[in-house]
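Chemist: What follows is the file input-v3.pdb, containing PDB, C-alpha atoms:
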```pdb
ATOM      1  CA  MET A 699       0.000   0.000   0.000  1.00  0.00           C
ATOM      2  CA  HIS A 700       1.401   3.355  -0.998  1.00  0.00           C
ATOM      3  CA  LEU A 701       1.597   6.055   1.673  1.00  0.00           C
ATOM      4  CA  LEU A 702      -0.363   8.612  -0.393  1.00  0.00           C
ATOM      5  CA  GLN A 703      -2.703   6.296  -2.276  1.00  0.00           C
ATOM      6  CA  ASN A 704      -5.390   8.387  -4.061  1.00  0.00           C
ATOM      7  CA  LYS A 705      -4.394  11.571  -2.236  1.00  0.00           C
ATOM      8  CA  VAL A 706      -4.533  14.797  -4.247  1.00  0.00           C
ATOM      9  CA  ALA A 707      -1.539  17.105  -3.890  1.00  0.00           C
ATOM     10  CA  VAL A 708      -0.480  20.508  -5.187  1.00  0.00           C
ATOM     11  CA  VAL A 709       3.226  21.374  -5.194  1.00  0.00           C
ATOM     12  CA  THR A 710       4.382  24.928  -5.908  1.00  0.00           C
ATOM     13  CA  GLY A 711       7.849  25.388  -7.372  1.00  0.00           C
ATOM     14  CA  GLY A 712       7.376  21.892  -8.744  1.00  0.00           C
ATOM     15  CA  THR A 713       9.470  22.087 -11.903  1.00  0.00           C
ATOM     16  CA  ARG A 714      12.948  21.569 -10.446  1.00  0.00           C
ATOM     17  CA  GLY A 715      15.028  20.855  -7.360  1.00  0.00           C
ATOM     18  CA  ILE A 716      13.209  20.007  -4.148  1.00  0.00           C
ATOM     19  CA  GLY A 717       9.808  20.663  -5.704  1.00  0.00           C
ATOM     20  CA  LEU A 718      10.332  18.271  -8.602  1.00  0.00           C
ATOM     21  CA  ALA A 719      11.739  15.594  -6.279  1.00  0.00           C
ATOM     22  CA  THR A 720       8.650  15.988  -4.098  1.00  0.00           C
ATOM     23  CA  VAL A 721       6.315  15.688  -7.091  1.00  0.00           C
ATOM     24  CA  ARG A 722       8.078  12.487  -8.169  1.00  0.00           C
ATOM     25  CA  VAL A 723       8.074  10.907  -4.696  1.00  0.00           C
ATOM     26  CA  PHE A 724       4.395  11.752  -4.197  1.00  0.00           C
ATOM     27  CA  LEU A 725       3.518  10.179  -7.560  1.00  0.00           C
ATOM     28  CA  GLU A 726       5.535   7.080  -6.720  1.00  0.00           C
ATOM     29  CA  GLN A 727       3.573   6.833  -3.471  1.00  0.00           C
ATOM     30  CA  GLY A 728       0.193   6.867  -5.195  1.00  0.00           C
ATOM     31  CA  ALA A 729      -0.782  10.548  -5.172  1.00  0.00           C
ATOM     32  CA  LYS A 730      -2.378  12.561  -7.932  1.00  0.00           C
ATOM     33  CA  VAL A 731      -0.252  15.698  -8.314  1.00  0.00           C
ATOM     34  CA  ALA A 732      -0.722  19.166  -9.750  1.00  0.00           C
ATOM     35  CA  LEU A 733       2.637  20.895 -10.092  1.00  0.00           C
ATOM     36  CA  LEU A 734       2.832  24.680 -10.228  1.00  0.00           C
ATOM     37  CA  GLY A 735       5.632  26.603 -11.875  1.00  0.00           C
ATOM     38  CA  SER A 736       6.452  30.178 -12.807  1.00  0.00           C
ATOM     39  CA  ARG A 737       6.183  29.756 -16.592  1.00  0.00           C
ATOM     40  CA  GLN A 738       4.184  27.607 -18.981  1.00  0.00           C
ATOM     41  CA  GLU A 739       7.380  26.519 -20.757  1.00  0.00           C
ATOM     42  CA  SER A 740       8.982  25.066 -17.627  1.00  0.00           C
ATOM     43  CA  VAL A 741       5.717  23.422 -16.539  1.00  0.00           C
ATOM     44  CA  ASP A 742       5.167  21.796 -19.939  1.00  0.00           C
ATOM     45  CA  LYS A 743       8.778  20.572 -20.051  1.00  0.00           C
ATOM     46  CA  THR A 744       8.510  19.022 -16.579  1.00  0.00           C
ATOM     47  CA  LEU A 745       5.187  17.357 -17.358  1.00  0.00           C
ATOM     48  CA  ALA A 746       6.718  15.837 -20.490  1.00  0.00           C
ATOM     49  CA  GLN A 747       9.718  14.507 -18.531  1.00  0.00           C
ATOM     50  CA  LEU A 748       7.511  12.924 -15.879  1.00  0.00           C
ATOM     51  CA  ARG A 749       5.125  11.397 -18.410  1.00  0.00           C
ATOM     52  CA  GLU A 750       8.086   9.911 -20.236  1.00  0.00           C
ATOM     53  CA  GLN A 751       9.135   8.279 -16.989  1.00  0.00           C
ATOM     54  CA  ASN A 752       5.616   6.947 -16.357  1.00  0.00           C
ATOM     55  CA  PRO A 753       2.762   7.778 -18.759  1.00  0.00           C
ATOM     56  CA  ASP A 754       0.197   6.511 -16.247  1.00  0.00           C
ATOM     57  CA  TRP A 755       1.017   9.029 -13.523  1.00  0.00           C
ATOM     58  CA  PRO A 756      -1.961  11.345 -12.848  1.00  0.00           C
ATOM     59  CA  LEU A 757      -0.531  14.825 -13.444  1.00  0.00           C
ATOM     60  CA  LEU A 758      -1.683  18.389 -13.961  1.00  0.00           C
ATOM     61  CA  GLY A 759       0.368  21.559 -14.450  1.00  0.00           C
ATOM     62  CA  PHE A 760      -0.399  25.244 -13.916  1.00  0.00           C
ATOM     63  CA  TRP A 761       1.507  28.523 -13.735  1.00  0.00           C
ATOM     64  CA  PRO A 762      -0.536  31.059 -11.710  1.00  0.00           C
ATOM     65  CA  ALA A 763       0.976  34.091 -10.025  1.00  0.00           C
ATOM     66  CA  LEU A 764       1.187  32.763  -6.475  1.00  0.00           C
ATOM     67  CA  THR A 765       0.362  36.111  -4.875  1.00  0.00           C
ATOM     68  CA  ASP A 766      -2.775  36.596  -6.997  1.00  0.00           C
ATOM     69  CA  GLU A 767      -5.589  35.356  -4.766  1.00  0.00           C
ATOM     70  CA  GLN A 768      -8.064  34.906  -7.598  1.00  0.00           C
ATOM     71  CA  ALA A 769      -5.579  33.071  -9.836  1.00  0.00           C
ATOM     72  CA  VAL A 770      -4.560  30.717  -7.028  1.00  0.00           C
ATOM     73  CA  GLN A 771      -8.168  30.054  -6.028  1.00  0.00           C
ATOM     74  CA  GLN A 772      -9.139  29.296  -9.624  1.00  0.00           C
ATOM     75  CA  THR A 773      -6.178  26.940 -10.010  1.00  0.00           C
ATOM     76  CA  LEU A 774      -7.050  24.957  -6.904  1.00  0.00           C
ATOM     77  CA  GLU A 775     -10.676  24.817  -8.015  1.00  0.00           C
ATOM     78  CA  LYS A 776      -9.513  23.275 -11.313  1.00  0.00           C
ATOM     79  CA  VAL A 777      -7.646  20.611  -9.337  1.00  0.00           C
ATOM     80  CA  VAL A 778     -10.762  19.832  -7.288  1.00  0.00           C
ATOM     81  CA  GLU A 779     -12.893  19.813 -10.448  1.00  0.00           C
ATOM     82  CA  GLN A 780     -10.534  17.239 -11.960  1.00  0.00           C
ATOM     83  CA  TRP A 781      -9.951  15.003  -8.948  1.00  0.00           C
ATOM     84  CA  GLY A 782     -12.730  15.803  -6.474  1.00  0.00           C
ATOM     85  CA  ARG A 783     -10.700  17.001  -3.497  1.00  0.00           C
ATOM     86  CA  LEU A 784      -7.477  18.553  -2.214  1.00  0.00           C
ATOM     87  CA  ASP A 785      -5.503  16.692   0.434  1.00  0.00           C
ATOM     88  CA  ILE A 786      -1.999  18.194   0.385  1.00  0.00           C
ATOM     89  CA  LEU A 787      -0.475  21.575  -0.428  1.00  0.00           C
ATOM     90  CA  VAL A 788       3.303  21.922  -0.524  1.00  0.00           C
ATOM     91  CA  ASN A 789       4.362  25.583  -0.492  1.00  0.00           C
ATOM     92  CA  ASN A 790       7.819  25.092  -1.966  1.00  0.00           C
ATOM     93  CA  ALA A 791       8.267  27.988  -4.423  1.00  0.00           C
ATOM     94  CA  GLY A 792      10.865  30.481  -3.215  1.00  0.00           C
ATOM     95  CA  ILE A 793      13.931  32.534  -4.048  1.00  0.00           C
ATOM     96  CA  SER A 794      17.096  33.364  -2.150  1.00  0.00           C
ATOM     97  CA  GLN A 795      19.595  36.172  -2.160  1.00  0.00           C
ATOM     98  CA  SER A 796      22.962  36.882  -0.518  1.00  0.00           C
ATOM     99  CA  THR A 797      23.362  40.631  -1.051  1.00  0.00           C
ATOM    100  CA  GLN A 798      25.119  42.573   1.702  1.00  0.00           C
ATOM    101  CA  LEU A 799      22.883  44.927   3.696  1.00  0.00           C
ATOM    102  CA  TYR A 800      24.645  48.049   2.442  1.00  0.00           C
ATOM    103  CA  ASP A 801      23.775  47.124  -1.125  1.00  0.00           C
ATOM    104  CA  TYR A 802      20.303  45.758  -0.354  1.00  0.00           C
ATOM    105  CA  THR A 803      17.394  47.710  -1.850  1.00  0.00           C
ATOM    106  CA  MET A 804      13.776  47.766  -0.708  1.00  0.00           C
ATOM    107  CA  ALA A 805      12.861  46.284  -4.080  1.00  0.00           C
ATOM    108  CA  ASP A 806      15.210  43.347  -3.400  1.00  0.00           C
ATOM    109  CA  PHE A 807      13.690  42.813   0.035  1.00  0.00           C
ATOM    110  CA  GLU A 808      10.102  43.077  -1.184  1.00  0.00           C
ATOM    111  CA  LYS A 809      10.738  40.572  -3.989  1.00  0.00           C
ATOM    112  CA  ILE A 810      11.953  37.985  -1.481  1.00  0.00           C
ATOM    113  CA  ILE A 811       9.047  38.577   0.910  1.00  0.00           C
ATOM    114  CA  ASP A 812       6.498  38.519  -1.915  1.00  0.00           C
ATOM    115  CA  LEU A 813       7.282  34.983  -3.087  1.00  0.00           C
ATOM    116  CA  ASN A 814       8.626  33.452   0.115  1.00  0.00           C
ATOM    117  CA  VAL A 815       5.949  34.764   2.495  1.00  0.00           C
ATOM    118  CA  ASN A 816       3.014  36.379   0.694  1.00  0.00           C
ATOM    119  CA  ALA A 817       2.652  33.453  -1.709  1.00  0.00           C
ATOM    120  CA  VAL A 818       2.665  30.987   1.197  1.00  0.00           C
ATOM    121  CA  PHE A 819      -0.111  32.982   2.860  1.00  0.00           C
ATOM    122  CA  CYS A 820      -2.107  33.242  -0.363  1.00  0.00           C
ATOM    123  CA  CYS A 821      -1.848  29.565  -1.295  1.00  0.00           C
ATOM    124  CA  SER A 822      -2.473  28.384   2.268  1.00  0.00           C
ATOM    125  CA  LYS A 823      -5.627  30.478   2.560  1.00  0.00           C
ATOM    126  CA  ALA A 824      -6.990  29.146  -0.731  1.00  0.00           C
ATOM    127  CA  ALA A 825      -6.158  25.536   0.155  1.00  0.00           C
ATOM    128  CA  ALA A 826      -7.563  25.798   3.682  1.00  0.00           C
ATOM    129  CA  SER A 827     -10.876  27.095   2.338  1.00  0.00           C
ATOM    130  CA  ILE A 828     -11.208  23.809   0.429  1.00  0.00           C
ATOM    131  CA  MET A 829      -9.736  21.510   3.072  1.00  0.00           C
ATOM    132  CA  CYS A 830     -11.959  22.808   5.862  1.00  0.00           C
ATOM    133  CA  GLN A 831     -15.023  21.651   3.907  1.00  0.00           C
ATOM    134  CA  GLN A 832     -13.511  18.146   3.853  1.00  0.00           C
ATOM    135  CA  HIS A 833     -12.419  18.491   7.502  1.00  0.00           C
ATOM    136  CA  SER A 834      -9.063  17.089   6.432  1.00  0.00           C
ATOM    137  CA  GLY A 835      -5.887  18.252   4.752  1.00  0.00           C
ATOM    138  CA  VAL A 836      -2.185  18.913   5.110  1.00  0.00           C
ATOM    139  CA  ILE A 837      -0.298  22.138   4.379  1.00  0.00           C
ATOM    140  CA  LEU A 838       3.494  21.811   4.160  1.00  0.00           C
ATOM    141  CA  ASN A 839       5.991  24.649   3.836  1.00  0.00           C
ATOM    142  CA  THR A 840       9.611  24.764   2.741  1.00  0.00           C
ATOM    143  CA  SER A 841      11.569  26.614   5.400  1.00  0.00           C
ATOM    144  CA  SER A 842      15.383  26.597   5.733  1.00  0.00           C
ATOM    145  CA  MET A 843      18.103  25.979   8.279  1.00  0.00           C
ATOM    146  CA  VAL A 844      18.781  29.731   8.109  1.00  0.00           C
ATOM    147  CA  SER A 845      15.334  30.291   9.624  1.00  0.00           C
ATOM    148  CA  LEU A 846      16.844  28.903  12.825  1.00  0.00           C
ATOM    149  CA  TYR A 847      20.375  30.318  12.648  1.00  0.00           C
ATOM    150  CA  GLY A 848      20.292  33.315  10.287  1.00  0.00           C
ATOM    151  CA  GLN A 849      22.958  33.858   7.650  1.00  0.00           C
ATOM    152  CA  PRO A 850      25.819  36.351   7.243  1.00  0.00           C
ATOM    153  CA  ALA A 851      24.334  38.202   4.245  1.00  0.00           C
ATOM    154  CA  GLY A 852      21.094  38.453   2.292  1.00  0.00           C
ATOM    155  CA  VAL A 853      18.939  39.204   5.328  1.00  0.00           C
ATOM    156  CA  GLY A 854      15.684  39.027   3.376  1.00  0.00           C
ATOM    157  CA  TYR A 855      15.940  35.267   2.880  1.00  0.00           C
ATOM    158  CA  PRO A 856      16.307  34.201   6.522  1.00  0.00           C
ATOM    159  CA  ALA A 857      13.740  36.834   7.509  1.00  0.00           C
ATOM    160  CA  SER A 858      11.294  35.314   5.048  1.00  0.00           C
ATOM    161  CA  LYS A 859      11.916  31.815   6.366  1.00  0.00           C
ATOM    162  CA  PHE A 860      11.505  32.956   9.975  1.00  0.00           C
ATOM    163  CA  ALA A 861       8.100  34.214   8.767  1.00  0.00           C
ATOM    164  CA  VAL A 862       7.342  30.844   7.175  1.00  0.00           C
ATOM    165  CA  ASN A 863       7.990  29.187  10.535  1.00  0.00           C
ATOM    166  CA  GLY A 864       5.636  31.667  12.174  1.00  0.00           C
ATOM    167  CA  LEU A 865       2.919  30.970   9.604  1.00  0.00           C
ATOM    168  CA  THR A 866       3.427  27.234  10.081  1.00  0.00           C
ATOM    169  CA  LYS A 867       3.117  27.262  13.849  1.00  0.00           C
ATOM    170  CA  SER A 868       0.255  29.766  13.951  1.00  0.00           C
ATOM    171  CA  LEU A 869      -1.807  28.125  11.212  1.00  0.00           C
ATOM    172  CA  ALA A 870      -1.331  24.747  12.901  1.00  0.00           C
ATOM    173  CA  ARG A 871      -2.982  26.151  16.008  1.00  0.00           C
ATOM    174  CA  GLU A 872      -5.722  27.906  14.067  1.00  0.00           C
ATOM    175  CA  LEU A 873      -6.618  25.166  11.577  1.00  0.00           C
ATOM    176  CA  GLY A 874      -6.367  22.113  13.811  1.00  0.00           C
ATOM    177  CA  LYS A 875     -10.060  22.391  14.662  1.00  0.00           C
ATOM    178  CA  ASP A 876     -10.801  22.034  10.937  1.00  0.00           C
ATOM    179  CA  GLY A 877      -8.805  18.814  10.629  1.00  0.00           C
ATOM    180  CA  ILE A 878      -5.907  20.521   8.840  1.00  0.00           C
ATOM    181  CA  ARG A 879      -2.295  19.828   9.822  1.00  0.00           C
ATOM    182  CA  VAL A 880       0.417  22.396   9.041  1.00  0.00           C
ATOM    183  CA  ASN A 881       4.141  21.617   9.156  1.00  0.00           C
ATOM    184  CA  ALA A 882       7.403  22.787   7.616  1.00  0.00           C
ATOM    185  CA  VAL A 883      10.683  21.210   6.560  1.00  0.00           C
ATOM    186  CA  ALA A 884      13.892  23.194   7.101  1.00  0.00           C
ATOM    187  CA  PRO A 885      16.482  21.904   4.605  1.00  0.00           C
ATOM    188  CA  GLY A 886      20.203  22.312   5.069  1.00  0.00           C
ATOM    189  CA  VAL A 887      22.679  22.416   2.181  1.00  0.00           C
ATOM    190  CA  ILE A 888      20.954  20.567  -0.663  1.00  0.00           C
ATOM    191  CA  ALA A 889      22.331  19.626  -4.089  1.00  0.00           C
ATOM    192  CA  THR A 890      20.064  21.888  -6.105  1.00  0.00           C
ATOM    193  CA  ASP A 891      21.090  23.963  -9.140  1.00  0.00           C
ATOM    194  CA  MET A 892      22.782  26.536  -6.906  1.00  0.00           C
ATOM    195  CA  VAL A 893      25.062  23.989  -5.223  1.00  0.00           C
ATOM    196  CA  ALA A 894      25.659  22.140  -8.509  1.00  0.00           C
ATOM    197  CA  ALA A 895      27.142  25.336  -9.943  1.00  0.00           C
ATOM    198  CA  LEU A 896      29.834  25.469  -7.253  1.00  0.00           C
ATOM    199  CA  PRO A 897      33.347  24.112  -7.892  1.00  0.00           C
ATOM    200  CA  PRO A 898      33.691  20.482  -6.710  1.00  0.00           C
ATOM    201  CA  ALA A 899      36.465  21.450  -4.257  1.00  0.00           C
ATOM    202  CA  MET A 900      34.137  23.959  -2.618  1.00  0.00           C
ATOM    203  CA  VAL A 901      31.353  21.379  -2.324  1.00  0.00           C
ATOM    204  CA  GLU A 902      33.798  18.908  -0.729  1.00  0.00           C
ATOM    205  CA  LYS A 903      34.880  21.543   1.774  1.00  0.00           C
ATOM    206  CA  LEU A 904      31.254  22.312   2.534  1.00  0.00           C
ATOM    207  CA  ALA A 905      30.385  18.642   2.994  1.00  0.00           C
ATOM    208  CA  ALA A 906      33.276  18.217   5.422  1.00  0.00           C
ATOM    209  CA  THR A 907      31.525  20.589   7.853  1.00  0.00           C
ATOM    210  CA  ILE A 908      28.395  18.408   7.914  1.00  0.00           C
ATOM    211  CA  PRO A 909      28.457  15.608  10.522  1.00  0.00           C
ATOM    212  CA  LEU A 910      26.810  13.155   8.109  1.00  0.00           C
ATOM    213  CA  GLY A 911      29.630  13.888   5.681  1.00  0.00           C
ATOM    214  CA  ARG A 912      27.626  14.772   2.598  1.00  0.00           C
ATOM    215  CA  VAL A 913      25.479  17.443   1.011  1.00  0.00           C
ATOM    216  CA  GLY A 914      21.779  16.587   1.078  1.00  0.00           C
ATOM    217  CA  GLN A 915      19.836  15.490  -1.979  1.00  0.00           C
ATOM    218  CA  PRO A 916      16.447  16.869  -3.062  1.00  0.00           C
ATOM    219  CA  THR A 917      14.965  13.426  -2.395  1.00  0.00           C
ATOM    220  CA  ASP A 918      16.025  13.717   1.264  1.00  0.00           C
ATOM    221  CA  ILE A 919      13.682  16.686   1.576  1.00  0.00           C
ATOM    222  CA  ALA A 920      10.969  15.065  -0.540  1.00  0.00           C
ATOM    223  CA  ASN A 921      10.969  12.052   1.781  1.00  0.00           C
ATOM    224  CA  ALA A 922      10.493  14.346   4.783  1.00  0.00           C
ATOM    225  CA  PHE A 923       7.511  15.930   3.024  1.00  0.00           C
ATOM    226  CA  LEU A 924       6.216  12.425   2.272  1.00  0.00           C
ATOM    227  CA  PHE A 925       6.277  11.502   5.951  1.00  0.00           C
ATOM    228  CA  LEU A 926       4.562  14.721   7.019  1.00  0.00           C
ATOM    229  CA  ALA A 927       1.937  14.408   4.270  1.00  0.00           C
ATOM    230  CA  SER A 928       1.093  10.815   5.151  1.00  0.00           C
ATOM    231  CA  ASP A 929      -1.036   9.345   7.908  1.00  0.00           C
ATOM    232  CA  LEU A 930       2.189   8.279   9.646  1.00  0.00           C
ATOM    233  CA  ALA A 931       2.319  11.916  10.834  1.00  0.00           C
ATOM    234  CA  SER A 932      -1.352  12.144  11.785  1.00  0.00           C
ATOM    235  CA  TYR A 933      -0.508  13.644  15.202  1.00  0.00           C
ATOM    236  CA  VAL A 934       2.254  15.951  13.971  1.00  0.00           C
ATOM    237  CA  THR A 935       1.343  19.591  13.430  1.00  0.00           C
ATOM    238  CA  GLY A 936       3.086  22.903  14.035  1.00  0.00           C
ATOM    239  CA  ALA A 937       6.497  21.265  13.567  1.00  0.00           C
ATOM    240  CA  VAL A 938       9.519  22.637  11.726  1.00  0.00           C
ATOM    241  CA  LEU A 939      11.499  19.516  10.855  1.00  0.00           C
ATOM    242  CA  SER A 940      15.213  20.102  10.316  1.00  0.00           C
ATOM    243  CA  VAL A 941      16.644  17.959   7.515  1.00  0.00           C
ATOM    244  CA  ASP A 942      20.207  19.223   7.386  1.00  0.00           C
ATOM    245  CA  GLY A 943      22.564  16.439   8.428  1.00  0.00           C
ATOM    246  CA  ALA A 944      23.221  18.427  11.642  1.00  0.00           C
ATOM    247  CA  THR A 945      24.989  21.053   9.541  1.00  0.00           C
ATOM    248  CA  GLN A 946      27.503  23.112  11.530  1.00  0.00           C
ATOM    249  CA  VAL A 947      26.753  26.829  11.508  1.00  0.00           C
TER
END
```
Turn the structure described in the file into structure tokens.
Modeler:
Amino acid sequence: MHLLQNKVAVVTGGTRGIGLATVRVFLEQGAKVALLGSRQESVDKTLAQLREQNPDWPLLGFWPALTDEQAVQQTLEKVVEQWGRLDILVNNAGISQSTQLYDYTMADFEKIIDLNVNAVFCCSKAAASIMCQQHSGVILNTSSMVSLYGQPAGVGYPASKFAVNGLTKSLARELGKDGIRVNAVAPGVIATDMVAALPPAMVEKLAATIPLGRVGQPTDIANAFLFLASDLASYVTGAVLSVDGATQV
């Protein structure tokens, strides 16, 4: 029996990295998945790749502006129209930045907050309005280890992830009465496009600081989302699960 058999999931930022790994793991575990991306081209390309891997996987793809309440609501309604319900939302879309404070502009800061916080609020509100009618559902957020420790530059990113933790814990308390669980995963250093672009010697040096001795893989995070989305975590809500190999900071 698959852990997410016949569950319906929406994954934002689902075209690459952690989001794509999560889409794939959810499909492998029996879920029907709608992946959301920033552009039609990237969504169509990802859908084609996944269908090539398994043409029988139940998949949808959309590209709404994640801070547009009406667009998000309409997208989730299309998912429900297709599959009858909404069980899981993974708020994974996000951007990072490492600009020094003295060079940081308000526009830079607002861009980070818009996608990393406002979109999480917008998507969570739309999903909760559907899930509460079912009296069941799971909202999962991608946080970061820097939400716990901060980082030496690019203050907007850790600030946004601190906010994600606050949304997670507060919504867990608010939505529990409606049968909705809300949790977050705080990844450490993960082998996404950003890390892949680093020189191998730098990656080796980075890995040496991690007690588990390696950089994390997107699937490591996807598996954490799988656990939290499944009934194995039926009494887990308001948690921020660190998946970082006990990274030294």
Chemist: Could you pull out every residue with an atom within 12 Å of (-5.0, 30.0, 4.3), file coordinates, counting all atoms listed in the file, and send them as an NGL selection string?
Modeler: :A and (767 or 770-771 or 787 or 789 or 816-830 or 835-838 or 865-866 or 868-870 or 872-873 or 876 or 878-880)
Chemist: Output C-alpha atoms for every residue in the selection just made, as an mmCIF file, keeping the file's coordinate frame.
Modeler:
```
data_model
loop_
_atom_site.group_PDB
_atom_site.id
_atom_site.type_symbol
_atom_site.label_atom_id
_atom_site.label_comp_id
_atom_site.auth_asym_id
_atom_site.auth_seq_id
_atom_site.Cartn_x
_atom_site.Cartn_y
_atom_site.Cartn_z
ATOM 1 C CA GLU A 767 -5.589 35.356 -4.766
ATOM 2 C CA VAL A 770 -4.560 30.717 -7.028
ATOM 3 C CA GLN A 771 -8.168 30.054 -6.028
ATOM 4 C CA LEU A 787 -0.475 21.575 -0.428
ATOM 5 C CA ASN A 789 4.362 25.583 -0.492
ATOM 6 C CA ASN A 816 3.014 36.379 0.694
ATOM 7 C CA ALA A 817 2.652 33.453 -1.709
ATOM 8 C CA VAL A 818 2.665 30.987 1.197
ATOM 9 C CA PHE A 819 -0.111 32.982 2.860
ATOM 10 C CA CYS A 820 -2.107 33.242 -0.363
ATOM 11 C CA CYS A 821 -1.848 29.565 -1.295
ATOM 12 C CA SER A 822 -2.473 28.384 2.268
ATOM 13 C CA LYS A 823 -5.627 30.478 2.560
ATOM 14 C CA ALA A 824 -6.990 29.146 -0.731
ATOM 15 C CA ALA A 825 -6.158 25.536 0.155
ATOM 16 C CA ALA A 826 -7.563 25.798 3.682
ATOM 17 C CA SER A 827 -10.876 27.095 2.338
ATOM 18 C CA ILE A 828 -11.208 23.809 0.429
ATOM 19 C CA MET A 829 -9.736 21.510 3.072
ATOM 20 C CA CYS A 830 -11.959 22.808 5.862
ATOM 21 C CA GLY A 835 -5.887 18.252 4.752
ATOM 22 C CA VAL A 836 -2.185 18.913 5.110
ATOM 23 C CA ILE A 837 -0.298 22.138 4.379
ATOM 24 C CA LEU A 838 3.494 21.811 4.160
ATOM 25 C CA LEU A 865 2.919 30.970 9.604
ATOM 26 C CA THR A 866 3.427 27.234 10.081
ATOM 27 C CA SER A 868 0.255 29.766 13.951
ATOM 28 C CA LEU A 869 -1.807 28.125 11.212
ATOM 29 C CA ALA A 870 -1.331 24.747 12.901
ATOM 30 C CA GLU A 872 -5.722 27.906 14.067
ATOM 31 C CA LEU A 873 -6.618 25.166 11.577
ATOM 32 C CA ASP A 876 -10.801 22.034 10.937
ATOM 33 C CA ILE A 878 -5.907 20.521 8.840
ATOM 34 C CA ARG A 879 -2.295 19.828 9.822
ATOM 35 C CA VAL A 880 0.417 22.396 9.041
#
```
Chemist: Quick check, in Å to one decimal: how far apart do atom CA of Met804 of chain A and atom CA of Tyr855 of chain A lie?
Modeler: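 These atoms are spaced 13.2 Å apart.
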Chemist: Taking the file as shown, what set of residues would the PyMOL selection byres ((chain A and resi 736) around 7) give back, as a ChimeraX atom specification?
Modeler: /A:735,737,761
Chemist: Could you expand the PyMOL selection byres ((chain A and resi 863) around 12) into the explicit residues it covers here, written as a ChimeraX atom specification?
Modeler: /A:814-815,818-819,838-846,856-862,864-870,880-884,936-940
Chemist: Could you tell me how far atom CA of Ala889 of chain A sits from atom CA of Gln795 of chain A, in Å to one decimal place?
Modeler: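 So the two atoms, atom CA of Gln795 of chain A and atom CA of Ala889 of chain A, lie 16.9 Å apart.
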Chemist: Calculate how many Å separate atom CA of Ala920 of chain A from atom CA of Gly717 of chain A, rounding to one decimal.
Modeler: 7.7 Å
Chemist: I'd like the contact shell of Gly728 of chain A - 6 Å cut-off, only C-alpha atoms, skipping same-chain residues fewer than 2 positions apart - returned as a PyMOL selection string.
Modeler: chain A and resi 700+702-704+725-726
Chemist: Given the selection you just returned, output its residues as a file containing C-alpha atoms, formatted as a short mmCIF file (atom, residue, chain, number, x, y, z; two decimals), in the frame of the given file.
Modeler:
```
data_model
loop_
_atom_site.label_atom_id
_atom_site.label_comp_id
_atom_site.auth_asym_id
_atom_site.auth_seq_id
_atom_site.Cartn_x
_atom_site.Cartn_y
_atom_site.Cartn_z
CA HIS A 700 1.40 3.36 -1.00
CA LEU A 702 -0.36 8.61 -0.39
CA GLN A 703 -2.70 6.30 -2.28
CA ASN A 704 -5.39 8.39 -4.06
CA LEU A 725 3.52 10.18 -7.56
CA GLU A 726 5.54 7.08 -6.72
#
```
Chemist: Please list as a PyMOL selection string every residue within 12 Å of Asp742 of chain A, counting all atoms listed in the file and excluding residues in the same chain fewer than 5 positions away.
Modeler: chain A and resi 712-713+733-737+747-749+757-761
Chemist: Keeping only C-alpha atoms, take the residues you just selected and write them out as an mmCIF file, in the coordinates of the input.
Modeler:
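To be explicit, this is the file written out as selection25.cif:
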```cif
data_model
loop_
_atom_site.group_PDB
_atom_site.id
_atom_site.type_symbol
_atom_site.label_atom_id
_atom_site.label_comp_id
_atom_site.auth_asym_id
_atom_site.auth_seq_id
_atom_site.Cartn_x
_atom_site.Cartn_y
_atom_site.Cartn_z
ATOM 1 C CA GLY A 712 7.376 21.892 -8.744
ATOM 2 C CA THR A 713 9.470 22.087 -11.903
ATOM 3 C CA LEU A 733 2.637 20.895 -10.092
ATOM 4 C CA LEU A 734 2.832 24.680 -10.228
ATOM 5 C CA GLY A 735 5.632 26.603 -11.875
ATOM 6 C CA SER A 736 6.452 30.178 -12.807
ATOM 7 C CA ARG A 737 6.183 29.756 -16.592
ATOM 8 C CA GLN A 747 9.718 14.507 -18.531
ATOM 9 C CA LEU A 748 7.511 12.924 -15.879
ATOM 10 C CA ARG A 749 5.125 11.397 -18.410
ATOM 11 C CA LEU A 757 -0.531 14.825 -13.444
ATOM 12 C CA LEU A 758 -1.683 18.389 -13.961
ATOM 13 C CA GLY A 759 0.368 21.559 -14.450
ATOM 14 C CA PHE A 760 -0.399 25.244 -13.916
ATOM 15 C CA TRP A 761 1.507 28.523 -13.735
#
```
Chemist: Which one is closest to Gly914 of chain A: A:Val706, A:Gln832, A:Gln727, A:Ile716? Count only C-alpha atoms.
Modeler: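 Distance minimum relative to Gly914 of chain A lands on A:Ile716.
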Chemist: So which one's closest to Thr907 of chain A, A:Leu799, A:Ile810, A:Ala944, A:Leu774? Using all atoms listed in the file, please.
Modeler: A:Ala944
Chemist: Step by step: start from the point (13.8, 16.3, -4.0) in the file's coordinates, keep every protein, DNA or RNA residue that has an atom no farther than 10 Å from it, count only C-alpha atoms, and write the set as an NGL selection string.
Modeler: :A and (712 or 714-723 or 888-890 or 914-923)
